[in-house]
>>> print(open('upload-v3.csv').read())   # CSV, C-alpha atoms
chain,number,residue,atom,x,y,z
A,1,MET,CA,37.9,8.8,-2.0
A,2,ILE,CA,34.2,8.3,-2.5
A,3,SER,CA,31.8,9.4,0.3
A,4,TYR,CA,28.3,8.0,0.9
A,5,CYS,CA,25.5,10.3,1.8
A,6,THR,CA,23.9,9.5,5.2
A,7,ASN,CA,20.6,10.9,4.2
A,8,ILE,CA,19.7,7.3,3.7
A,9,TYR,CA,19.2,7.0,7.4
A,10,PRO,CA,15.9,8.3,9.0
A,11,ALA,CA,17.5,10.4,11.7
A,12,GLU,CA,16.7,13.9,12.9
A,13,SER,CA,18.4,14.5,16.2
A,14,TRP,CA,22.2,14.3,16.6
A,15,GLN,CA,21.8,11.3,18.9
A,16,GLU,CA,19.8,9.5,16.2
A,17,THR,CA,22.3,10.5,13.6
A,18,PHE,CA,25.3,9.4,15.6
A,19,ALA,CA,23.6,6.1,16.5
A,20,SER,CA,23.0,5.4,12.8
A,21,LEU,CA,26.7,6.0,12.1
A,22,GLU,CA,27.8,3.7,14.9
A,23,ALA,CA,25.5,1.0,13.6
A,24,GLY,CA,26.2,1.5,9.9
A,25,ILE,CA,29.9,2.1,9.5
A,26,PRO,CA,31.1,-1.3,11.0
A,27,SER,CA,28.7,-3.2,8.8
A,28,ILE,CA,29.7,-1.2,5.7
A,29,ARG,CA,33.3,-1.9,6.4
A,30,HIS,CA,32.6,-5.6,6.9
A,31,TYR,CA,31.2,-5.8,3.4
A,32,LEU,CA,34.0,-3.8,1.8
A,33,GLU,CA,36.6,-6.0,3.6
A,34,GLU,CA,34.8,-9.2,2.5
A,35,TRP,CA,34.8,-8.0,-1.1
A,36,LYS,CA,38.4,-6.8,-0.8
A,37,SER,CA,37.2,-3.5,-2.1
A,38,PRO,CA,39.7,-0.9,-3.4
A,39,ALA,CA,37.6,1.7,-1.5
A,40,LEU,CA,39.5,0.6,1.6
A,41,ASN,CA,42.8,2.0,0.2
A,42,ALA,CA,41.6,5.4,1.5
A,43,PRO,CA,39.6,6.5,4.5
A,44,LEU,CA,35.9,5.8,4.3
A,45,GLY,CA,34.2,8.9,3.1
A,46,ILE,CA,31.0,10.0,5.0
A,47,GLY,CA,28.8,12.6,3.4
A,48,LEU,CA,27.1,13.7,6.6
A,49,ARG,CA,23.5,14.6,6.5
A,50,LEU,CA,22.5,16.8,9.5
A,51,SER,CA,19.1,18.3,10.0
A,52,ALA,CA,18.8,21.7,11.5
A,53,LYS,CA,18.0,20.1,14.8
A,54,ALA,CA,21.0,17.7,14.6
A,55,ALA,CA,23.3,20.6,13.7
A,56,THR,CA,22.1,22.6,16.6
A,57,ASP,CA,22.5,19.6,18.9
A,58,LEU,CA,26.1,18.9,17.7
A,59,LEU,CA,27.2,22.5,18.4
A,60,THR,CA,25.3,22.8,21.7
A,61,PHE,CA,26.1,19.6,23.6
A,62,PRO,CA,29.4,19.8,25.3
A,63,GLY,CA,32.1,17.6,23.9
A,64,GLU,CA,30.1,16.2,21.0
A,65,ILE,CA,32.4,17.7,18.3
A,66,GLU,CA,35.5,16.1,19.9
A,67,ARG,CA,33.6,12.8,20.4
A,68,LEU,CA,32.7,12.7,16.7
A,69,LYS,CA,36.3,13.5,15.7
A,70,LEU,CA,37.7,10.8,17.9
A,71,TRP,CA,35.1,8.3,16.5
A,72,LEU,CA,36.0,9.2,12.9
A,73,SER,CA,39.6,8.7,13.6
A,74,GLU,CA,39.0,5.3,15.2
A,75,TRP,CA,37.1,4.1,12.2
A,76,ASP,CA,39.4,5.7,9.6
A,77,ALA,CA,36.6,7.8,8.3
A,78,VAL,CA,36.5,11.4,7.0
A,79,VAL,CA,33.7,13.9,6.5
A,80,GLN,CA,34.6,15.9,3.5
A,81,THR,CA,31.1,17.0,2.7
A,82,ILE,CA,27.8,17.7,4.4
A,83,ASN,CA,24.3,17.4,2.8
A,84,GLY,CA,22.6,20.7,3.7
A,85,PHE,CA,19.7,20.3,1.3
A,86,PRO,CA,16.9,18.9,3.5
A,87,TYR,CA,16.5,21.2,6.5
A,88,GLY,CA,14.1,19.1,8.6
A,89,ASN,CA,12.4,15.7,8.5
A,90,PHE,CA,13.4,13.8,5.4
A,91,HIS,CA,11.9,10.3,5.8
A,92,GLU,CA,8.4,10.4,7.4
A,93,GLY,CA,5.2,11.6,6.0
A,94,ARG,CA,4.8,13.8,2.9
A,95,ILE,CA,8.1,15.6,2.0
A,96,LYS,CA,7.7,16.6,-1.6
A,97,GLU,CA,8.0,20.4,-2.0
A,98,LEU,CA,8.7,20.8,1.7
A,99,VAL,CA,12.3,19.7,1.1
A,100,PHE,CA,12.8,23.1,-0.5
A,101,LYS,CA,11.7,24.9,2.7
A,102,PRO,CA,13.0,27.1,4.1
A,103,ASP,CA,14.6,28.4,0.9
A,104,TRP,CA,17.4,30.9,0.4
A,105,THR,CA,15.1,33.9,0.8
A,106,THR,CA,15.0,33.1,4.6
A,107,TYR,CA,17.4,33.7,7.5
A,108,GLU,CA,16.6,30.2,8.7
A,109,ARG,CA,18.3,28.7,5.6
A,110,PHE,CA,21.3,31.0,6.1
A,111,GLU,CA,21.6,30.2,9.8
A,112,TYR,CA,21.3,26.4,9.2
A,113,THR,CA,24.0,26.5,6.5
A,114,GLU,CA,26.3,28.6,8.7
A,115,LYS,CA,26.1,25.9,11.4
A,116,LEU,CA,27.0,23.2,8.9
A,117,LEU,CA,30.0,25.1,7.7
A,118,ASN,CA,31.3,25.7,11.2
A,119,ILE,CA,30.8,22.0,11.9
A,120,LEU,CA,32.6,20.9,8.7
A,121,ALA,CA,35.5,23.2,9.5
A,122,ARG,CA,35.9,21.7,12.9
A,123,ILE,CA,35.6,18.0,12.2
A,124,SER,CA,37.4,17.7,8.8
A,125,PRO,CA,41.2,17.3,8.6
A,126,GLN,CA,43.2,20.1,7.1
A,127,GLU,CA,44.5,18.0,4.2
A,128,TYR,CA,41.1,17.1,2.8
A,129,ILE,CA,40.3,20.1,0.6
A,130,PRO,CA,38.0,21.2,-0.8
A,131,LEU,CA,35.4,20.8,1.9
A,132,THR,CA,31.8,21.4,0.7
A,133,VAL,CA,28.2,21.7,1.9
A,134,SER,CA,25.5,21.0,-0.7
A,135,THR,CA,22.3,23.0,-0.6
A,136,LEU,CA,19.1,23.5,-2.7
A,137,PRO,CA,19.1,25.5,-5.9
A,138,GLY,CA,17.9,28.7,-4.2
A,139,SER,CA,14.3,27.7,-4.1
A,140,HIS,CA,11.5,25.9,-6.0
A,141,LYS,CA,9.8,27.2,-9.1
A,142,TYR,CA,6.4,27.0,-7.4
A,143,PHE,CA,7.6,29.5,-4.8
A,144,HIS,CA,8.4,32.4,-7.2
A,145,ALA,CA,11.2,33.3,-4.9
A,146,ASP,CA,12.7,36.8,-4.6
A,147,GLU,CA,16.2,36.5,-6.1
A,148,GLU,CA,17.5,39.7,-4.5
A,149,ARG,CA,16.9,38.2,-1.1
A,150,MET,CA,18.6,35.0,-2.2
A,151,PHE,CA,21.6,36.9,-3.6
A,152,ALA,CA,22.0,38.9,-0.4
A,153,TYR,CA,22.1,35.7,1.8
A,154,LEU,CA,24.4,33.9,-0.5
A,155,ASP,CA,26.7,36.9,-0.7
A,156,SER,CA,26.9,37.0,3.1
A,157,LEU,CA,27.5,33.3,3.2
A,158,CYS,CA,30.6,33.7,1.0
A,159,GLY,CA,31.9,36.3,3.3
A,160,LEU,CA,31.4,33.9,6.2
A,161,MET,CA,33.4,31.2,4.4
A,162,ASN,CA,36.2,33.6,3.6
A,163,ARG,CA,36.4,34.5,7.3
A,164,ILE,CA,36.6,30.8,8.2
A,165,HIS,CA,39.4,30.4,5.6
A,166,GLN,CA,41.3,33.2,7.2
A,167,GLU,CA,40.9,31.8,10.7
A,168,THR,CA,41.5,28.1,10.0
A,169,GLY,CA,43.3,27.9,6.6
A,170,LYS,CA,40.5,25.6,5.4
A,171,ILE,CA,38.8,26.3,2.1
A,172,LEU,CA,35.0,25.8,2.4
A,173,THR,CA,32.6,25.8,-0.5
A,174,VAL,CA,28.8,25.6,-0.8
A,175,GLY,CA,27.4,23.7,-3.8
A,176,LEU,CA,24.0,24.7,-5.1
A,177,GLU,CA,22.4,21.6,-6.4
A,178,PRO,CA,20.2,22.0,-9.6
A,179,GLU,CA,17.2,19.8,-9.4
A,180,PRO,CA,14.2,19.5,-11.8
A,181,MET,CA,11.7,22.2,-11.0
A,182,GLY,CA,14.2,24.0,-8.8
A,183,HIS,CA,14.6,27.7,-9.1
A,184,PHE,CA,17.3,26.7,-11.6
A,185,ASP,CA,17.4,23.2,-12.9
A,186,ASP,CA,19.4,22.9,-16.1
A,187,THR,CA,22.8,23.8,-17.4
A,188,TYR,CA,22.2,27.3,-18.8
A,189,GLY,CA,19.8,28.2,-16.1
A,190,THR,CA,22.6,27.5,-13.6
A,191,ILE,CA,25.0,29.8,-15.5
A,192,ARG,CA,22.5,32.6,-15.7
A,193,PHE,CA,21.8,32.4,-11.9
A,194,PHE,CA,25.5,32.5,-11.0
A,195,HIS,CA,26.2,35.4,-13.4
A,196,ARG,CA,23.2,37.4,-12.0
A,197,LEU,CA,24.5,36.7,-8.5
A,198,GLN,CA,28.1,37.8,-9.4
A,199,SER,CA,26.8,41.0,-11.0
A,200,VAL,CA,25.2,42.2,-7.8
A,201,SER,CA,27.7,40.8,-5.3
A,202,ARG,CA,29.8,43.2,-3.2
A,203,ARG,CA,32.7,40.9,-3.6
A,204,PRO,CA,32.3,38.7,-6.7
A,205,GLU,CA,35.7,37.1,-6.2
A,206,LEU,CA,34.3,35.5,-3.0
A,207,ILE,CA,31.4,34.0,-5.0
A,208,GLN,CA,33.9,32.5,-7.4
A,209,LYS,CA,36.0,31.2,-4.5
A,210,HIS,CA,33.3,29.7,-2.3
A,211,LEU,CA,30.2,29.0,-4.3
A,212,GLY,CA,29.7,26.3,-6.9
A,213,VAL,CA,27.5,23.6,-8.2
A,214,THR,CA,26.7,20.2,-6.8
A,215,TYR,CA,26.1,18.0,-9.9
A,216,ASP,CA,23.7,15.1,-9.4
A,217,THR,CA,23.7,12.7,-12.3
A,218,CYS,CA,20.1,11.6,-11.6
A,219,HIS,CA,18.8,15.1,-11.8
A,220,PHE,CA,20.5,15.8,-15.2
A,221,ALA,CA,19.4,12.4,-16.6
A,222,VAL,CA,15.8,13.6,-15.9
A,223,MET,CA,16.6,17.0,-17.6
A,224,GLY,CA,18.0,15.1,-20.6
A,225,GLU,CA,21.3,16.9,-20.5
A,226,SER,CA,24.6,14.9,-20.9
A,227,SER,CA,27.3,15.2,-18.3
A,228,ASP,CA,29.9,16.3,-21.0
A,229,PHE,CA,27.5,19.1,-22.1
A,230,SER,CA,26.9,20.4,-18.5
A,231,LEU,CA,30.4,20.0,-17.1
A,232,SER,CA,32.0,21.5,-20.2
A,233,ALA,CA,29.6,24.5,-20.3
A,234,TRP,CA,30.1,25.3,-16.6
A,235,ASN,CA,33.9,25.1,-17.1
A,236,GLU,CA,33.6,27.4,-20.1
A,237,TYR,CA,31.6,30.0,-18.1
A,238,ASP,CA,33.9,29.6,-15.0
A,239,ILE,CA,31.2,28.0,-12.8
A,240,PRO,CA,33.0,25.7,-10.3
A,241,VAL,CA,31.6,22.2,-9.8
A,242,VAL,CA,32.5,21.4,-6.2
A,243,LYS,CA,30.7,18.0,-5.8
A,244,ILE,CA,29.4,15.2,-8.0
A,245,GLN,CA,26.7,12.9,-6.7
A,246,PHE,CA,26.5,9.5,-8.5
A,247,SER,CA,23.0,8.3,-8.7
A,248,ASN,CA,20.5,6.6,-11.1
A,249,ALA,CA,17.2,7.8,-12.5
A,250,LEU,CA,14.5,5.4,-13.5
A,251,GLU,CA,13.9,5.1,-17.2
A,252,LEU,CA,11.1,3.6,-19.3
A,253,ASN,CA,11.1,3.4,-23.1
A,254,VAL,CA,7.5,3.0,-24.1
A,255,SER,CA,6.4,0.5,-26.7
A,256,SER,CA,2.7,0.6,-25.8
A,257,PRO,CA,0.5,2.5,-23.3
A,258,GLY,CA,0.2,-0.6,-21.2
A,259,ASP,CA,3.9,-0.2,-20.3
A,260,LEU,CA,2.9,2.7,-18.0
A,261,SER,CA,1.4,0.4,-15.4
A,262,ILE,CA,4.9,-0.7,-14.4
A,263,LEU,CA,5.5,2.8,-13.1
A,264,LEU,CA,2.5,2.8,-10.6
A,265,PRO,CA,4.5,1.4,-7.7
A,266,TYR,CA,6.9,4.3,-8.0
A,267,ALA,CA,4.2,6.9,-7.6
A,268,GLU,CA,4.6,7.1,-3.9
A,269,GLN,CA,3.6,9.9,-1.5
A,270,THR,CA,6.8,10.8,0.3
A,271,TYR,CA,9.1,12.4,-2.2
A,272,PHE,CA,8.8,14.5,-5.4
A,273,HIS,CA,9.6,12.2,-8.4
A,274,GLN,CA,9.9,14.8,-11.1
A,275,THR,CA,9.4,13.2,-14.5
A,276,SER,CA,10.4,14.1,-18.0
A,277,ILE,CA,8.8,12.7,-21.2
A,278,LEU,CA,10.7,12.9,-24.4
A,279,LEU,CA,8.5,12.2,-27.4
A,280,PRO,CA,10.0,10.6,-30.5
A,281,ASP,CA,10.1,13.7,-32.7
A,282,ASP,CA,11.1,16.2,-30.0
A,283,ASN,CA,14.6,17.3,-28.9
A,284,THR,CA,13.5,18.8,-25.5
A,285,PRO,CA,11.6,16.7,-22.9
A,286,MET,CA,8.4,17.8,-21.2
A,287,LEU,CA,9.0,18.2,-17.5
A,288,PHE,CA,6.4,17.4,-14.8
A,289,ALA,CA,6.6,18.2,-11.1
A,290,ASP,CA,5.8,14.7,-10.0
A,291,LEU,CA,5.2,11.2,-11.5
A,292,PRO,CA,1.4,11.1,-11.0
A,293,GLU,CA,1.1,14.3,-13.1
A,294,ALA,CA,3.2,12.8,-15.9
A,295,LEU,CA,1.1,9.6,-15.8
A,296,GLU,CA,-2.1,11.6,-15.9
A,297,TRP,CA,-0.9,13.5,-19.0
A,298,ALA,CA,0.2,10.3,-20.7
A,299,ASN,CA,-3.1,8.6,-20.0
A,300,ARG,CA,-4.8,11.5,-21.8
A,301,HIS,CA,-2.5,11.2,-24.8
A,302,PRO,CA,-1.9,7.5,-25.5
A,303,GLU,CA,-1.6,8.1,-29.3
A,304,VAL,CA,1.8,9.9,-29.0
A,305,LEU,CA,3.4,7.5,-26.4
A,306,HIS,CA,4.9,4.9,-28.7
A,307,GLY,CA,8.7,5.3,-28.7
A,308,SER,CA,8.7,8.0,-26.0
A,309,ARG,CA,11.1,8.0,-23.1
A,310,PHE,CA,10.2,8.5,-19.4
A,311,ARG,CA,12.9,9.5,-16.9
A,312,ILE,CA,11.9,9.7,-13.3
A,313,HIS,CA,13.8,11.3,-10.4
A,314,TYR,CA,13.8,8.2,-8.2
A,315,HIS,CA,17.5,7.5,-7.2
A,316,ILE,CA,17.5,3.8,-8.1
A,317,PRO,CA,20.5,2.1,-6.3
A,318,LEU,CA,23.7,2.0,-8.3
A,319,GLY,CA,24.1,-1.4,-9.8
A,320,ALA,CA,20.4,-2.3,-9.3
A,321,THR,CA,18.5,-3.6,-12.3
A,322,PRO,CA,14.8,-2.7,-12.2
A,323,GLU,CA,12.2,-4.9,-13.6
A,324,ALA,CA,12.0,-4.9,-17.4
A,325,PRO,CA,11.1,-2.9,-19.4
A,326,LEU,CA,12.4,-0.4,-16.8
A,327,GLU,CA,16.0,0.6,-17.0
A,328,ASN,CA,18.4,2.8,-15.0
A,329,THR,CA,20.6,5.7,-16.3
A,330,HIS,CA,24.0,4.4,-15.2
A,331,GLU,CA,25.5,5.5,-18.5
A,332,LEU,CA,25.6,9.0,-17.1
A,333,ASN,CA,27.8,7.9,-14.2
A,334,LEU,CA,30.1,6.2,-16.7
A,335,ALA,CA,30.2,9.4,-18.7
A,336,VAL,CA,31.2,11.4,-15.7
A,337,VAL,CA,34.1,9.1,-15.0
A,338,GLU,CA,35.2,9.5,-18.6
A,339,TYR,CA,35.0,13.3,-18.2
A,340,LEU,CA,37.1,13.1,-15.0
A,341,ARG,CA,39.6,10.9,-16.9
A,342,SER,CA,39.9,13.5,-19.7
A,343,HIS,CA,40.2,16.5,-17.3
A,344,PRO,CA,42.9,15.5,-14.8
A,345,HIS,CA,42.9,18.8,-13.0
A,346,PHE,CA,39.1,18.6,-12.2
A,347,ARG,CA,38.8,17.3,-8.7
A,348,PRO,CA,35.4,17.7,-7.1
A,349,VAL,CA,34.2,15.8,-4.1
A,350,LEU,CA,32.7,12.5,-5.1
A,351,GLU,CA,29.7,10.9,-3.4
A,352,VAL,CA,27.1,8.2,-3.9
A,353,GLU,CA,23.6,9.2,-2.9
A,354,THR,CA,20.6,6.9,-2.8
A,355,TYR,CA,18.2,8.0,-0.2
A,356,THR,CA,15.0,6.2,-1.4
A,357,TRP,CA,15.7,2.9,0.2
A,358,ASN,CA,12.6,3.1,2.5
A,359,VAL,CA,10.2,3.6,-0.5
A,360,LEU,CA,11.8,1.3,-3.0
A,361,PRO,CA,9.7,-1.7,-4.4
A,362,PRO,CA,10.7,-4.9,-2.6
A,363,THR,CA,12.5,-6.3,-5.7
A,364,LEU,CA,15.1,-3.5,-5.4
A,365,LYS,CA,15.7,-3.7,-1.7
A,366,GLN,CA,18.6,-5.4,0.1
A,367,ASP,CA,20.3,-5.0,3.4
A,368,ILE,CA,20.9,-1.2,3.7
A,369,SER,CA,24.6,-1.5,4.7
A,370,CYS,CA,25.2,-4.0,1.9
A,371,GLN,CA,23.5,-1.5,-0.5
A,372,ILE,CA,25.7,1.4,0.6
A,373,ALA,CA,28.9,-0.7,0.4
A,374,SER,CA,27.9,-2.0,-3.0
A,375,GLU,CA,27.5,1.5,-4.3
A,376,ILE,CA,30.9,2.6,-2.9
A,377,ASP,CA,32.6,-0.4,-4.3
A,378,THR,CA,30.9,-0.1,-7.7
A,379,MET,CA,32.1,3.4,-8.2
A,380,GLN,CA,35.5,2.9,-6.7
A,381,ARG,CA,36.2,-0.1,-9.0
A,382,LEU,CA,35.0,2.0,-12.0
A,383,ILE,CA,37.2,4.9,-11.1
A,384,ASP,CA,40.2,2.7,-10.3
A,385,LYS,CA,40.2,1.5,-14.0
A,386,TYR,CA,41.9,4.9,-14.6
A,387,PRO,CA,45.0,6.3,-12.9
A,388,PHE,CA,43.7,9.8,-12.6
A,389,LEU,CA,42.1,9.8,-9.2
>>> encode(input="upload-v3.csv", output="structure tokens")
Amino acid sequence: MISYCTNIYPAESWQETFASLEAGIPSIRHYLEEWKSPALNAPLGIGLRLSAKAATDLLTFPGEIERLKLWLSEWDAVVQTINGFPYGNFHEGRIKELVFKPDWTTYERFEYTEKLLNILARISPQEYIPLTVSTLPGSHKYFHADEERMFAYLDSLCGLMNRIHQETGKILTVGLEPEPMGHFDDTYGTIRFFHRLQSVSRRPELIQKHLGVTYDTCHFAVMGESSDFSLSAWNEYDIPVVKIQFSNALELNVSSPGDLSILLPYAEQTYFHQTSILLPDDNTPMLFADLPEALEWANRHPEVLHGSRFRIHYHIPLGATPEAPLENTHELNLAVVEYLRSHPHFRPVLEVETYTWNVLPPTLKQDISCQIASEIDTMQRLIDKYPFL
């Protein structure tokens, strides 16, 4: 089963969130049925995005949990995962570094995630395990966060998930999601963070049981690290990968400085679009916090750009072909499927996540339900080529 992440919808309250589901699910199912998609051989997976306000609403309004469960049953849909990365508004105004606030040094982040875990335990069927909530990679590099505080909150969170397991029998996990410029953002930085956390934990076995990685293919395309390298390293160091998000980064291979002008429409003001530049004679890309900073550097150094590769954190829709000479990084999604095929006991939650629909250039936009259905269908058909899932 492949879930789709509902952070594509601009909804903050629970009423707005539920309205977007009621409008979206029938349309998505219509497209999948029209295409005779193999995705319909299983329940429709919903990667539910709940803001802090929506989570509070859902737990506060009488009967809303049961209403949601009944609606999911009627539409043969399952919530196996919740996106707990963005705490508040995620679609209006300037988001950028605000998506990392509050971070894991704060009680607000702990309380929000606790609510999401309780919701997930109540609305998800017993047979769908593991159940996971994704969250930010602790903090953002700009914040110079206090790791001791982060470790204390994450340690307590694992105790909470263990208690839920004892009470309900459901195994819950939280997946920390490495992102470029996050507190940790690459393969070995992730390993070091988890090992430091385990070394100070009161119950490191609960860290191992309930805390893992959410692996986003777009993020690691930007970091220039292959899926086989990252997934194999985490397996070697016993770091669980609890969720994989299939998504595309935007890529430009530069033949002349004039090529950079094609990136200007993507330098928008809502989201961070972390950008890496790999120069021809280098093995390690330079990382910039946002696309405008990368373009500014490139404009100052036109003499070194020939043959360089830009990768931008932009979540281009799966299957979409951007205007040449731009490309996508779909090969990383293909490599993940190959890794799954060769590791039959590896069973993370699978999700498609393209949330940038509202800021995409017009040439990449289509009906939003058609886009979501297309992404689900694309990945399901790819996975169904193999008998392992």
>>> closest_residue(input="upload-v3.csv", among="A:Pro38, A:Pro292, A:Gly63, A:Gly84", to="A:Thr6", atoms="all atoms listed in the file")
A:Gly84
>>> atom_distance(input="upload-v3.csv", atom1="atom CA of A:Val349", atom2="atom CA of A:Val242")
6.2 Å
>>> residues_around(input="upload-v3.csv", residues="A:Ala233", least_positions_apart="4", cutoff="9 Å", atoms="all atoms listed in the file", output="list in words")
Thr187, Tyr188, Ile191, Asp228, Phe229, Tyr237, Asp238 and Ile239 of chain A
>>> write_last_selection(input="upload-v3.csv", atoms="C-alpha atoms", output="mmCIF file, in the coordinates of the input")
data_model
loop_
_atom_site.group_PDB
_atom_site.id
_atom_site.type_symbol
_atom_site.label_atom_id
_atom_site.label_comp_id
_atom_site.auth_asym_id
_atom_site.auth_seq_id
_atom_site.Cartn_x
_atom_site.Cartn_y
_atom_site.Cartn_z
ATOM 1 C CA THR A 187 22.800 23.800 -17.400
ATOM 2 C CA TYR A 188 22.200 27.300 -18.800
ATOM 3 C CA ILE A 191 25.000 29.800 -15.500
ATOM 4 C CA ASP A 228 29.900 16.300 -21.000
ATOM 5 C CA PHE A 229 27.500 19.100 -22.100
ATOM 6 C CA TYR A 237 31.600 30.000 -18.100
ATOM 7 C CA ASP A 238 33.900 29.600 -15.000
ATOM 8 C CA ILE A 239 31.200 28.000 -12.800
#
>>> closest_residue(input="upload-v3.csv", among="A:Tyr142, A:Phe85, A:Ile129, A:Ser226", to="A:Arg347", atoms="all atoms listed in the file")
A:Ile129
>>> residues_around(input="upload-v3.csv", residues="A:Phe110", least_positions_apart="4", cutoff="8 Å", atoms="all atoms listed in the file", output="PyMOL selection string")
chain A and resi 104+106+114+153-154+157
>>> residues_near_point(input="upload-v3.csv", point="(2.9, 3.2, -7.2)", cutoff="12 Å", atoms="all atoms listed in the file", output="ChimeraX atom specification")
/A:260-270,273,291-292,295,359-361
>>> decode(input="upload-v3.csv", residues="stretch 130-141 of chain A", atoms="N, CA, C and O atoms", output="tab-separated table (two decimals), in the first residue's frame")
chain	number	residue	atom	x	y	z
A	130	PRO	N	4.11	-1.29	10.70
A	130	PRO	CA	4.16	-0.28	11.74
A	130	PRO	C	3.31	0.94	11.42
A	130	PRO	O	2.94	1.15	10.26
A	131	LEU	N	3.01	1.70	12.43
A	131	LEU	CA	2.33	2.98	12.30
A	131	LEU	C	3.35	4.05	12.67
A	131	LEU	O	4.05	3.93	13.67
A	132	THR	N	3.43	5.10	11.87
A	132	THR	CA	4.52	6.05	12.10
A	132	THR	C	4.10	7.50	11.91
A	132	THR	O	3.24	7.80	11.07
A	133	VAL	N	4.70	8.36	12.69
A	133	VAL	CA	4.57	9.81	12.58
A	133	VAL	C	5.93	10.36	12.16
A	133	VAL	O	6.94	10.05	12.80
A	134	SER	N	5.97	11.15	11.09
A	134	SER	CA	7.24	11.76	10.69
A	134	SER	C	7.37	13.14	11.33
A	134	SER	O	6.38	13.83	11.57
A	135	THR	N	8.61	13.52	11.58
A	135	THR	CA	8.87	14.79	12.25
A	135	THR	C	10.19	15.36	11.75
A	135	THR	O	10.93	14.71	11.01
A	136	LEU	N	10.48	16.60	12.14
A	136	LEU	CA	11.69	17.26	11.68
A	136	LEU	C	12.95	16.64	12.28
A	136	LEU	O	12.88	15.94	13.30
A	137	PRO	N	14.12	16.87	11.66
A	137	PRO	CA	15.36	16.28	12.16
A	137	PRO	C	15.90	17.03	13.37
A	137	PRO	O	17.04	17.53	13.38
A	138	GLY	N	15.08	17.10	14.39
A	138	GLY	CA	15.48	17.77	15.63
A	138	GLY	C	15.32	19.27	15.58
A	138	GLY	O	14.60	19.86	16.38
A	139	SER	N	15.98	19.90	14.62
A	139	SER	CA	15.98	21.36	14.53
A	139	SER	C	16.58	21.76	13.19
A	139	SER	O	16.69	20.94	12.29
A	140	HIS	N	16.94	23.02	13.07
A	140	HIS	CA	17.59	23.56	11.88
A	140	HIS	C	18.99	24.02	12.27
A	140	HIS	O	19.20	24.48	13.40
A	141	LYS	N	19.94	23.89	11.36
A	141	LYS	CA	21.31	24.28	11.67
A	141	LYS	C	21.40	25.73	12.12
A	141	LYS	O	22.24	26.09	12.96
